[in-house]
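As stored in input-v1.txt (compact mmCIF, C-alpha atoms and all ligand atoms):
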# COMPACT_ATOMS: atom_id res chain seq x y z
CA MET A 283 11.74 11.28 2.49
CA THR A 284 8.20 10.99 1.14
CA PHE A 285 7.41 8.96 -1.93
CA ALA A 286 6.52 12.15 -3.79
CA ALA A 287 9.88 13.68 -2.95
CA ARG A 288 11.65 10.55 -4.16
CA ALA A 289 9.66 10.65 -7.37
CA ALA A 290 10.58 14.29 -7.81
CA GLN A 291 14.21 13.31 -7.59
CA PHE A 292 13.68 10.61 -10.16
CA PHE A 293 12.34 12.89 -12.84
CA LYS A 294 13.57 16.36 -13.58
CA SER A 295 11.18 19.05 -12.37
CA LYS A 296 8.67 20.39 -14.85
CA PRO A 297 8.59 24.05 -15.86
CA THR A 298 6.67 26.17 -13.37
CA SER A 299 4.47 28.04 -15.89
CA ALA A 300 1.48 25.68 -15.63
CA PRO A 301 -1.89 26.45 -17.26
CA ALA A 302 -4.92 27.48 -15.17
CA ASP A 303 -6.06 23.91 -14.52
CA GLY A 304 -2.57 23.01 -13.35
CA GLY A 305 -2.06 20.98 -16.50
CA ARG A 306 -4.76 18.42 -15.63
CA ALA A 307 -6.33 18.36 -19.10
CA ALA A 308 -3.00 17.95 -20.87
CA GLN A 309 -1.94 15.23 -18.46
CA LEU A 310 -5.22 13.35 -18.86
CA ASP A 311 -4.80 13.55 -22.60
CA ALA A 312 -1.23 12.23 -22.44
CA PHE A 313 -2.27 9.44 -20.11
CA ARG A 314 -5.13 8.29 -22.34
CA LYS A 315 -3.00 8.47 -25.45
CA VAL A 316 -0.20 6.29 -24.10
CA ARG A 317 -2.53 3.78 -22.48
CA ARG A 318 -4.57 3.51 -25.67
CA HIS A 319 -1.45 2.96 -27.75
CA THR A 320 -0.53 -0.14 -25.74
CA GLU A 321 -3.94 -1.60 -26.52
CA GLU A 322 -3.54 -0.69 -30.19
CA LEU A 323 -0.24 -2.56 -30.30
CA ALA A 324 -1.84 -5.61 -28.71
CA ALA A 325 -4.94 -5.49 -30.91
CA PRO A 326 -3.55 -7.52 -33.87
CA LEU A 327 -2.52 -10.32 -31.51
CA THR A 328 -4.69 -13.29 -30.62
CA PRO A 329 -5.09 -14.41 -26.98
CA GLU A 330 -2.74 -17.31 -27.78
CA ASP A 331 -0.11 -14.89 -29.14
CA GLN A 332 -0.37 -12.84 -25.97
CA VAL A 333 0.37 -15.67 -23.56
CA VAL A 334 3.56 -17.02 -25.12
CA GLN A 335 6.96 -16.39 -23.56
CA SER A 336 9.56 -17.55 -26.07
CA MET A 337 12.61 -17.05 -23.83
CA PRO A 338 13.30 -15.84 -20.28
CA ASP A 339 14.32 -12.35 -21.50
CA ALA A 340 11.06 -11.81 -23.39
CA SER A 341 7.67 -11.38 -21.79
CA PRO A 342 4.17 -12.18 -23.01
CA THR A 343 2.12 -9.31 -24.41
CA LYS A 344 -0.52 -9.98 -21.78
CA TRP A 345 2.12 -9.60 -19.08
CA HIS A 346 3.31 -6.26 -20.54
CA ARG A 347 -0.27 -5.00 -20.53
CA ALA A 348 -0.80 -6.05 -16.93
CA HIS A 349 2.62 -5.05 -15.59
CA THR A 350 2.39 -1.48 -16.90
CA THR A 351 -1.01 -1.29 -15.20
CA TRP A 352 0.34 -2.66 -11.92
CA PHE A 353 3.01 0.08 -12.08
CA PHE A 354 0.32 2.77 -11.83
CA GLU A 355 -1.52 0.83 -9.16
CA GLN A 356 1.59 0.29 -7.03
CA PHE A 357 3.41 3.58 -7.40
CA LEU A 358 0.57 6.06 -7.95
CA LEU A 359 -2.80 4.82 -6.73
CA LEU A 360 -1.84 3.01 -3.53
CA PRO A 361 0.15 5.92 -2.08
CA HIS A 362 -1.98 8.77 -3.48
CA ALA A 363 -5.60 7.62 -3.91
CA PRO A 364 -6.98 6.81 -0.44
CA ASP A 365 -10.25 5.43 -1.80
CA TYR A 366 -8.62 3.21 -4.43
CA ARG A 367 -9.81 -0.40 -4.38
CA VAL A 368 -7.15 -2.90 -5.53
CA PHE A 369 -8.46 -4.85 -8.51
CA ASP A 370 -7.04 -8.21 -7.41
CA GLU A 371 -4.62 -8.69 -4.52
CA ARG A 372 -2.83 -11.51 -6.38
CA PHE A 373 -1.79 -9.33 -9.29
CA ALA A 374 1.01 -7.62 -7.37
CA PHE A 375 2.81 -10.97 -7.15
CA LEU A 376 2.12 -11.84 -10.79
CA PHE A 377 2.95 -8.50 -12.36
CA ASN A 378 5.74 -6.96 -10.29
CA SER A 379 8.79 -7.25 -12.52
CA TYR A 380 11.94 -6.67 -10.49
CA TYR A 381 11.06 -4.24 -7.68
CA VAL A 382 12.34 -6.09 -4.63
CA ALA A 383 11.24 -3.26 -2.36
CA ALA A 384 7.67 -3.58 -3.71
CA GLY A 385 7.37 -7.16 -2.48
CA PRO A 386 7.73 -10.76 -3.68
CA ARG A 387 7.10 -11.58 -7.32
CA HIS A 388 6.66 -14.38 -9.81
CA GLU A 389 9.75 -15.84 -11.49
CA ARG A 390 10.51 -14.03 -14.71
CA PRO A 391 11.17 -17.13 -16.86
CA LYS A 392 7.74 -18.51 -15.93
CA ARG A 393 5.62 -15.56 -17.05
CA GLY A 394 4.44 -17.55 -20.04
CA LEU A 395 2.91 -20.20 -17.78
CA VAL A 396 0.39 -17.78 -16.31
CA THR A 397 -2.74 -18.50 -18.32
CA ARG A 398 -4.99 -16.86 -15.73
CA PRO A 399 -5.90 -14.01 -15.65
CA GLY A 400 -6.77 -14.21 -19.33
CA VAL A 401 -6.48 -11.35 -21.78
CA ALA A 402 -10.08 -10.26 -21.20
CA GLU A 403 -9.52 -9.95 -17.47
CA VAL A 404 -6.31 -8.03 -18.06
CA ALA A 405 -8.29 -5.62 -20.24
CA THR A 406 -10.75 -5.16 -17.36
CA TYR A 407 -7.81 -4.59 -14.98
CA ARG A 408 -6.46 -1.92 -17.30
CA ALA A 409 -9.85 -0.18 -17.48
CA HIS A 410 -10.20 -0.31 -13.68
CA VAL A 411 -6.82 1.35 -13.13
CA ASP A 412 -7.33 3.83 -15.98
CA GLN A 413 -10.56 4.99 -14.40
CA ALA A 414 -8.91 5.44 -11.00
CA VAL A 415 -5.93 7.34 -12.44
CA GLU A 416 -8.20 9.62 -14.44
CA ARG A 417 -10.31 10.27 -11.34
CA LEU A 418 -7.18 11.09 -9.35
CA LEU A 419 -5.84 13.44 -12.01
CA THR A 420 -9.19 15.19 -12.27
CA SER A 421 -10.01 15.57 -8.61
CA CYS A 422 -6.84 15.51 -6.52
CA PRO A 423 -6.15 18.61 -4.40
CA ALA A 424 -4.13 21.25 -6.25
CA ASP A 425 -1.27 21.02 -3.76
CA GLN A 426 -0.78 17.32 -4.61
CA LEU A 427 -1.04 17.68 -8.37
CA ASP A 428 2.66 18.24 -9.12
CA ASP A 429 3.68 15.11 -7.24
CA ILE A 430 0.96 13.05 -8.92
CA VAL A 431 1.83 14.36 -12.38
CA ARG A 432 5.48 13.43 -11.87
CA ILE A 433 4.56 9.86 -11.04
CA VAL A 434 2.14 9.68 -13.96
CA ASP A 435 5.00 10.85 -16.20
CA ILE A 436 7.23 8.06 -14.89
CA GLY A 437 4.44 5.57 -15.46
CA LEU A 438 3.92 6.78 -19.03
CA SER A 439 7.63 6.68 -19.89
CA HIS A 440 7.74 3.21 -18.35
CA GLU A 441 4.75 2.10 -20.42
CA GLN A 442 6.37 3.45 -23.60
CA GLN A 443 9.43 1.32 -22.91
CA HIS A 444 7.14 -1.68 -22.65
CA GLN A 445 5.38 -0.72 -25.88
CA GLU A 446 8.63 -1.27 -27.75
CA LEU A 447 9.12 -4.53 -25.87
CA VAL A 448 5.67 -5.72 -26.93
CA LEU A 449 6.98 -5.64 -30.50
CA THR A 450 10.48 -7.02 -29.88
CA ASP A 451 9.10 -9.83 -27.74
CA ILE A 452 6.32 -10.89 -30.10
CA LEU A 453 8.78 -10.89 -32.99
CA HIS A 454 10.94 -13.29 -31.01
CA ALA A 455 7.89 -15.46 -30.30
CA PHE A 456 7.00 -15.47 -33.99
CA SER A 457 10.58 -16.42 -34.85
CA GLN A 458 9.94 -19.71 -33.04
CA ASN A 459 7.01 -20.44 -35.33
CA PRO A 460 8.00 -22.30 -38.54
CA THR A 461 5.25 -20.49 -40.47
CA ALA A 462 6.89 -17.07 -39.79
CA PRO A 463 3.73 -15.15 -38.91
CA ALA A 464 3.43 -11.44 -39.65
CA TYR A 465 2.52 -9.06 -36.86
CA ASP A 466 1.39 -6.58 -39.52
CA ALA A 467 1.55 -7.71 -43.14
CA ALA A 468 1.76 -4.07 -44.29
CA TRP A 469 4.78 -3.26 -42.10
CA GLN A 470 7.73 -1.74 -43.96
CA ALA A 471 11.36 -1.73 -42.88
CA PRO A 472 12.75 1.75 -42.30
CA ALA A 473 14.87 2.98 -45.19
CA ALA A 474 18.23 4.45 -44.32
CA THR A 475 19.26 7.97 -45.20
CA ARG A 476 22.44 7.31 -47.07
CA ARG A 477 24.88 10.18 -46.77
CA ASP A 478 28.55 9.38 -46.80
CA GLY A 479 30.96 11.30 -44.67
CA THR A 480 31.62 11.89 -41.04
CA ILE A 481 31.05 14.39 -38.28
CA ASP A 482 34.51 15.46 -37.20
CA LEU A 483 34.79 16.32 -33.54
CA PRO A 484 38.00 18.02 -32.52
CA GLU A 485 39.34 17.39 -29.05
CA GLY A 486 37.35 19.31 -26.50
CA ILE A 487 35.53 19.24 -23.21
CA HIS A 488 31.78 18.84 -23.62
CA THR A 489 28.86 18.57 -21.25
CA ILE A 490 26.77 15.43 -21.69
CA GLY A 491 23.72 14.23 -19.82
CA HIS A 492 20.35 15.82 -19.23
CA GLN A 493 20.12 19.48 -18.28
CA GLY A 494 17.27 21.94 -18.26
CA SER A 495 13.57 21.28 -17.87
CA GLY A 496 11.57 18.36 -19.13
CA CYS A 497 11.43 14.71 -18.22
CA CYS A 498 14.40 12.39 -18.14
CA PHE A 499 15.34 9.16 -16.42
CA ASP A 500 17.65 9.33 -13.44
CA ASN A 501 20.41 7.53 -15.38
CA GLU A 502 20.74 10.57 -17.69
CA ARG A 503 21.85 12.74 -14.80
CA PRO A 504 23.84 14.45 -13.57
CA ALA A 505 25.01 16.35 -16.61
CA HIS A 506 28.78 16.49 -16.46
CA ARG A 507 31.82 17.50 -18.44
CA THR A 508 33.83 14.96 -20.36
CA LEU A 509 36.72 14.93 -22.81
CA VAL A 510 35.68 13.98 -26.35
CA GLY A 511 37.68 13.63 -29.51
CA PRO A 512 39.38 13.98 -31.76
CA VAL A 513 37.03 11.52 -33.43
CA ARG A 514 35.03 11.07 -36.61
CA ILE A 515 31.52 9.68 -36.38
CA ALA A 516 29.87 8.27 -39.49
CA ARG A 517 26.81 10.20 -40.58
CA ALA A 518 25.13 7.02 -41.75
CA LEU A 519 24.06 3.81 -40.09
CA VAL A 520 25.67 0.57 -41.26
CA THR A 521 23.43 -1.06 -43.86
CA ASN A 522 22.59 -4.66 -44.73
CA GLU A 523 24.70 -4.29 -47.86
CA GLU A 524 27.76 -3.55 -45.75
CA TRP A 525 26.88 -6.38 -43.42
CA LEU A 526 26.60 -8.82 -46.33
CA ALA A 527 30.15 -7.82 -47.34
CA PHE A 528 31.31 -8.61 -43.80
CA MET A 529 29.65 -12.02 -44.05
CA ARG A 530 31.11 -12.75 -47.50
CA ASP A 531 34.54 -11.84 -46.17
CA GLY A 532 34.23 -14.48 -43.47
CA GLY A 533 33.42 -12.08 -40.65
CA TYR A 534 31.58 -14.74 -38.68
CA ARG A 535 34.41 -17.25 -39.19
CA THR A 536 37.41 -15.07 -38.26
CA PRO A 537 38.15 -15.32 -34.53
CA THR A 538 40.66 -12.46 -34.57
CA LEU A 539 37.80 -10.04 -35.24
CA TRP A 540 35.93 -11.05 -32.13
CA LEU A 541 36.03 -10.42 -28.42
CA SER A 542 36.58 -13.66 -26.56
CA ASP A 543 33.11 -13.68 -25.01
CA GLY A 544 31.62 -12.80 -28.38
CA TRP A 545 33.42 -15.60 -30.21
CA ALA A 546 32.27 -18.07 -27.53
CA GLN A 547 28.68 -16.86 -27.88
CA ALA A 548 28.75 -16.85 -31.69
CA SER A 549 30.26 -20.35 -31.75
CA ALA A 550 27.86 -21.78 -29.17
CA GLU A 551 24.82 -20.40 -31.00
CA GLY A 552 26.10 -20.95 -34.53
CA TRP A 553 25.79 -17.30 -35.57
CA GLU A 554 26.46 -16.73 -39.26
CA ALA A 555 24.21 -13.73 -39.87
CA PRO A 556 22.18 -11.19 -37.85
CA GLY A 557 19.31 -12.42 -35.72
CA TYR A 558 16.21 -13.58 -37.64
CA TRP A 559 18.10 -13.93 -40.93
CA ARG A 560 17.40 -17.11 -42.88
CA GLU A 561 18.70 -18.28 -46.23
CA VAL A 562 15.82 -19.17 -48.52
CA ASP A 563 16.60 -20.46 -52.03
CA GLY A 564 20.09 -19.03 -51.80
CA ALA A 565 18.98 -15.54 -50.78
CA TRP A 566 19.02 -13.97 -47.33
CA HIS A 567 15.68 -13.20 -45.78
CA SER A 568 14.83 -11.72 -42.43
CA LEU A 569 11.85 -12.25 -40.18
CA THR A 570 10.33 -8.83 -39.63
CA LEU A 571 7.12 -7.51 -38.14
CA GLY A 572 5.79 -7.84 -41.69
CA GLY A 573 6.74 -11.53 -41.89
CA LEU A 574 9.64 -13.09 -43.76
CA ARG A 575 11.09 -10.55 -46.20
CA SER A 576 14.12 -10.59 -48.46
CA VAL A 577 16.91 -8.55 -46.93
CA ASP A 578 16.88 -4.97 -48.23
CA PRO A 579 20.51 -4.01 -48.92
CA GLN A 580 19.79 -0.32 -48.28
CA ALA A 581 18.09 -0.77 -44.91
CA PRO A 582 20.06 -0.40 -41.69
CA VAL A 583 21.30 -3.72 -40.35
CA CYS A 584 19.17 -4.80 -37.40
CA HIS A 585 19.14 -7.50 -34.71
CA ILE A 586 22.84 -7.57 -34.08
CA SER A 587 24.46 -8.09 -30.70
CA TYR A 588 27.13 -5.86 -29.23
CA TYR A 589 29.61 -8.60 -30.01
CA GLU A 590 28.72 -8.55 -33.71
CA ALA A 591 28.78 -4.74 -33.84
CA ASP A 592 32.22 -4.76 -32.27
CA ALA A 593 33.52 -7.44 -34.67
CA PHE A 594 32.15 -5.56 -37.67
CA ALA A 595 33.84 -2.33 -36.53
CA ARG A 596 37.14 -4.18 -36.11
CA TRP A 597 36.77 -5.69 -39.59
CA ARG A 598 36.37 -2.17 -40.99
CA GLY A 599 39.35 -0.91 -38.98
CA ARG A 600 37.05 1.36 -36.99
CA HIS A 601 35.41 1.32 -33.62
CA LEU A 602 32.01 1.99 -32.12
CA PRO A 603 31.49 5.51 -30.82
CA SER A 604 31.44 6.00 -27.08
CA GLU A 605 28.14 7.28 -25.76
CA ALA A 606 29.71 10.70 -25.13
CA GLU A 607 31.00 10.82 -28.72
CA TRP A 608 27.55 9.82 -29.97
CA GLU A 609 25.78 12.47 -27.89
CA VAL A 610 28.12 15.29 -28.87
CA ALA A 611 27.88 14.33 -32.55
CA ALA A 612 24.07 14.07 -32.34
CA HIS A 613 23.91 17.55 -30.81
CA THR A 614 25.29 18.95 -34.06
CA GLY A 615 22.16 17.74 -35.85
CA GLU A 616 24.33 16.25 -38.57
CA LEU A 617 23.92 12.56 -37.74
CA ASP A 618 21.54 10.81 -40.13
CA ASP A 619 19.02 8.44 -38.63
CA ALA A 620 20.10 9.08 -35.07
CA PHE A 621 16.49 8.37 -34.11
CA GLY A 622 13.65 6.26 -35.41
CA LYS A 623 15.52 3.55 -37.31
CA VAL A 624 17.60 1.26 -35.09
CA TRP A 625 19.20 1.68 -31.68
CA GLN A 626 22.93 2.12 -31.99
CA TRP A 627 25.38 0.19 -29.88
CA THR A 628 28.13 2.27 -28.32
CA ARG A 629 31.38 1.01 -26.85
CA SER A 630 30.41 2.48 -23.46
CA ALA A 631 29.66 0.24 -20.55
CA TYR A 632 26.41 1.14 -18.82
CA SER A 633 27.65 2.75 -15.64
CA PRO A 634 26.61 5.63 -13.40
CA TYR A 635 27.46 9.14 -14.42
CA PRO A 636 29.76 10.90 -11.94
CA GLY A 637 27.62 11.87 -8.95
CA PHE A 638 24.69 9.60 -9.87
CA ARG A 639 22.38 8.79 -6.98
CA ALA A 640 19.51 6.39 -7.39
CA ALA A 641 16.31 7.55 -5.75
CA ALA A 642 15.48 5.95 -2.43
CA GLY A 643 12.81 3.27 -2.30
CA ALA A 644 11.40 0.93 -4.90
CA LEU A 645 11.56 3.36 -7.83
CA GLY A 646 15.30 3.71 -7.23
CA GLU A 647 15.49 0.15 -8.60
CA TYR A 648 14.30 1.38 -12.01
CA ASN A 649 17.73 1.98 -13.56
CA GLY A 650 20.55 2.13 -11.02
CA LYS A 651 20.76 -1.52 -10.04
CA PHE A 652 21.40 -2.57 -13.65
CA MET A 653 24.58 -0.55 -14.01
CA VAL A 654 26.94 -3.46 -14.54
CA ASN A 655 27.75 -5.87 -17.38
CA GLN A 656 25.59 -4.11 -19.98
CA MET A 657 26.40 -1.79 -22.87
CA VAL A 658 24.77 1.52 -23.75
CA LEU A 659 22.69 2.02 -26.89
CA ARG A 660 21.83 5.50 -28.13
CA GLY A 661 19.20 6.98 -30.40
CA SER A 662 15.94 5.08 -30.83
CA SER A 663 14.31 2.58 -33.19
CA PHE A 664 11.30 2.64 -35.50
CA ALA A 665 9.43 0.92 -32.66
CA THR A 666 10.24 3.54 -30.05
CA PRO A 667 7.07 5.52 -29.32
CA GLU A 668 6.92 9.08 -30.54
CA GLY A 669 8.40 11.51 -28.04
CA HIS A 670 10.00 8.86 -25.85
CA ALA A 671 13.69 9.10 -26.71
CA ARG A 672 15.97 12.15 -26.64
CA LEU A 673 19.60 13.10 -27.18
CA THR A 674 20.59 12.13 -23.65
CA TYR A 675 18.57 8.89 -23.49
CA ARG A 676 20.54 5.85 -22.38
CA ASN A 677 19.22 2.46 -23.41
CA PHE A 678 21.14 -0.60 -22.25
CA PHE A 679 21.26 -4.31 -22.97
CA TYR A 680 23.52 -7.27 -22.35
CA PRO A 681 26.20 -7.75 -25.04
CA PRO A 682 24.71 -10.97 -26.52
CA ALA A 683 21.19 -9.52 -26.96
CA ARG A 684 19.91 -9.67 -30.54
CA TRP A 685 16.15 -9.51 -30.23
CA GLN A 686 15.98 -5.74 -29.88
CA PHE A 687 15.98 -3.44 -32.92
CA THR A 688 19.71 -2.86 -32.70
CA GLY A 689 22.22 -1.67 -35.28
CA LEU A 690 25.32 0.50 -35.37
CA ARG A 691 27.23 3.40 -36.80
CA LEU A 692 31.00 3.55 -36.93
CA ALA A 693 33.58 5.91 -35.55
CA ASP A 694 37.19 6.48 -36.41
CA PHE A 695 40.17 8.35 -35.07
CA PRO A 696 41.56 10.98 -37.44
CA ASP A 697 44.95 10.17 -39.00
FE FE A 701 8.65 -2.47 -16.32

For this file, write the structure as structure tokens.
Amino acid sequence: MTFAARAAQFFKSKPTSAPADGGRAAQLDAFRKVRRHTEELAAPLTPEDQVVQSMPDASPTKWHRAHTTWFFEQFLLLPHAPDYRVFDERFAFLFNSYYVAAGPRHERPKRGLVTRPGVAEVATYRAHVDQAVERLLTSCPADQLDDIVRIVDIGLSHEQQHQELVLTDILHAFSQNPTAPAYDAAWQAPAATRRDGTIDLPEGIHTIGHQGSGCCFDNERPAHRTLVGPVRIARALVTNEEWLAFMRDGGYRTPTLWLSDGWAQASAEGWEAPGYWREVDGAWHSLTLGGLRSVDPQAPVCHISYYEADAFARWRGRHLPSEAEWEVAAHTGELDDAFGKVWQWTRSAYSPYPGFRAAAGALGEYNGKFMVNQMVLRGSSFATPEGHARLTYRNFFYPPARWQFTGLRLADFPD
């Protein structure tokens, strides 16, 4: 199978009604917009900020900028642009993340030790690849355009995922700095829409997963039928005010509320509040992208692990929705803040949908090989780029992870 055919498998086919130029202008525009946004996100950061790796799970900003560029070089330009000149042969080793089939790579926990290339050279690398991609999109033969556009789409979705990581990772780096720097002093926490009540889903068979035209990741397919309900899903996200009540009630000190692994993790790390919360003069504050701020009781709780979300739900006598319950409820349009506030933990393990097949080759490593030991998050956060997430989107992280913009909503079984 050709690379293009594998890529076509990876992303759902686009609608066939293309404009006269085959969609080249629109694709160029989308490419420039996404690539520019990465640079805009990095712009407030100094070169020193961009080199730091504060933990093995987080990556330096400079690495994100280079890795997303390598992705286009490796998966688009090398197979499809015969005249492409590789910017620097060493970069494939430095900036390949986890694609075993794409060759050997630098150890992830040591990304922060790579001081060369510097940020200026990474900017030149980005410009070099941008120019080559734009040339390819503009001048490739018409019969190759669809295949090239599909790979560009993958590259752009991939880069958008890294755009959110630029923010989550720099916030973690700043959390290690006693002066609590602000990424953007004007940043404001998202306010929650506060509507009480639930979406009641009677028992029924529903189709979940991606269907129809438009882009999606391979892990969203195949669409399939599943039994859902009866269940009630809260319209609203859990807020800091509710979380403070959990804390006051001894939530972090009551082992019966916790999964065994969660209690072990919370005990080992001394958790007594969500990630980045600090008590200052008797009041809870949280390190945000805007610096250290007093906790807003009305804002959705953020930076909680799956373990904490699960313990909170147990404390309330509820549970987390499954990803199918979440998706069916979100389809009704009645969930508040499903998108754009905080990712929502579900109780679903990240596993393949029935009939899932990872694409052959290196790009098949994108999602499929991570389908064990992680939990699914649904929705999106305030840091998720516009147009990136969708109803069927499946995010996934390890249960102890707290550095993402993660919160929860509750579910309940009807009496
Ligand atoms: Fe990546």

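Distances here use only C-alpha atoms; by that measure, the residue among A:Tyr465, A:Lys651, A:Gly305, A:Arg408 closest to Thr328 of chain A is A:Tyr465.
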
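In this structure, atom CA of Ala324 of chain A sits 6.9 Å away from atom CA of Thr343 of chain A.
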
Review point. What residues have any atom no more than 8 Å from ligand FE 701 (chain A) when counting all atoms listed in the file, and can you list them as a PyMOL selection string?
Key: chain A and resi 346+349-350+353+379-380+440-441+443-444

Review point. When distances are computed from all atoms listed in the file, which of A:Tyr366, A:Phe354, A:Tyr632, A:Phe499 shows the smallest separation from Tyr648 of chain A?
Key: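 Result for the nearest residue to Tyr648 of chain A: A:Phe499.
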
Exercise for review: Using atom CA of Val434 of chain A and atom CA of Ser421 of chain A as the two end points, give the distance in Å to one decimal.
Suggested key: 14.5 Å

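Note that atom CA of Val624 of chain A and atom CA of Val610 of chain A are 18.6 Å apart.
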
Review point. What lies within 8 Å of Ala455 of chain A using only C-alpha atoms, ignoring chain neighbours under 6 positions off, as a VMD selection string?
Key: chain A and resid 334 to 336

Selection file, C-alpha atoms, as an mmCIF file, in the coordinates of the input:
data_model
loop_
_atom_site.group_PDB
_atom_site.id
_atom_site.type_symbol
_atom_site.label_atom_id
_atom_site.label_comp_id
_atom_site.auth_asym_id
_atom_site.auth_seq_id
_atom_site.Cartn_x
_atom_site.Cartn_y
_atom_site.Cartn_z
ATOM 1 C CA VAL A 334 3.560 -17.020 -25.120
ATOM 2 C CA GLN A 335 6.960 -16.390 -23.560
ATOM 3 C CA SER A 336 9.560 -17.550 -26.070
#

Exercise for review: Please provide the set of residues having any atom within 10 Å of segment 370-372 of chain A, restricted to all atoms listed in the file, with same-chain residues fewer than 5 positions apart removed, written as a ChimeraX atom specification.
Suggested key: /A:377,387,407

Within 12 Å of segment 546-561 of chain A, which residues of segment 357-475 of chain A show up? Give each one with its shortest atom-to-atom distance in Å (one decimal) and the two atoms involved, counting all atoms listed in the file, rows by chain then rising residue number, as JSON lines.
{"residue": "A:Thr450", "atom": "CA", "partner": "A:Tyr558", "partner_atom": "CA", "distance": 11.7}
{"residue": "A:Leu453", "atom": "CA", "partner": "A:Tyr558", "partner_atom": "CA", "distance": 9.2}
{"residue": "A:His454", "atom": "CA", "partner": "A:Tyr558", "partner_atom": "CA", "distance": 8.5}
{"residue": "A:Ala455", "atom": "CA", "partner": "A:Tyr558", "partner_atom": "CA", "distance": 11.3}
{"residue": "A:Phe456", "atom": "CA", "partner": "A:Tyr558", "partner_atom": "CA", "distance": 10.1}
{"residue": "A:Ser457", "atom": "CA", "partner": "A:Tyr558", "partner_atom": "CA", "distance": 6.9}
{"residue": "A:Gln458", "atom": "CA", "partner": "A:Tyr558", "partner_atom": "CA", "distance": 9.9}
{"residue": "A:Asn459", "atom": "CA", "partner": "A:Tyr558", "partner_atom": "CA", "distance": 11.7}
{"residue": "A:Pro460", "atom": "CA", "partner": "A:Arg560", "partner_atom": "CA", "distance": 11.6}
{"residue": "A:Ala462", "atom": "CA", "partner": "A:Tyr558", "partner_atom": "CA", "distance": 10.2}

Practice item. Name the residues, using the chain letters and numbers of the file, that sit within 8 Å of (2.2, -9.7, -24.5) when counting all atoms listed in the file, and give them as a list in words. Key: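 Within the cut-off we find Ala324, Asp331, Gln332, Val333, Val334, Ser341, Pro342, Thr343, Lys344, Trp345, His346, Arg347, Val448, Asp451 and Ile452 of chain A.
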
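Minimum atom-to-atom distance to Asp618 of chain A, evaluated using all atoms listed in the file, belongs to A:Asp478 out of A:Asp303, A:Asp478, A:Asp429, A:Asp543.
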
Check your understanding: So, counting all atoms listed in the file, which residue among A:Thr521, A:Thr570, A:Thr489, A:Thr480 is closest to Asp466 of chain A?
Key ->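 Once distances to Asp466 of chain A are computed over all atoms listed in the file, the minimum belongs to A:Thr570.
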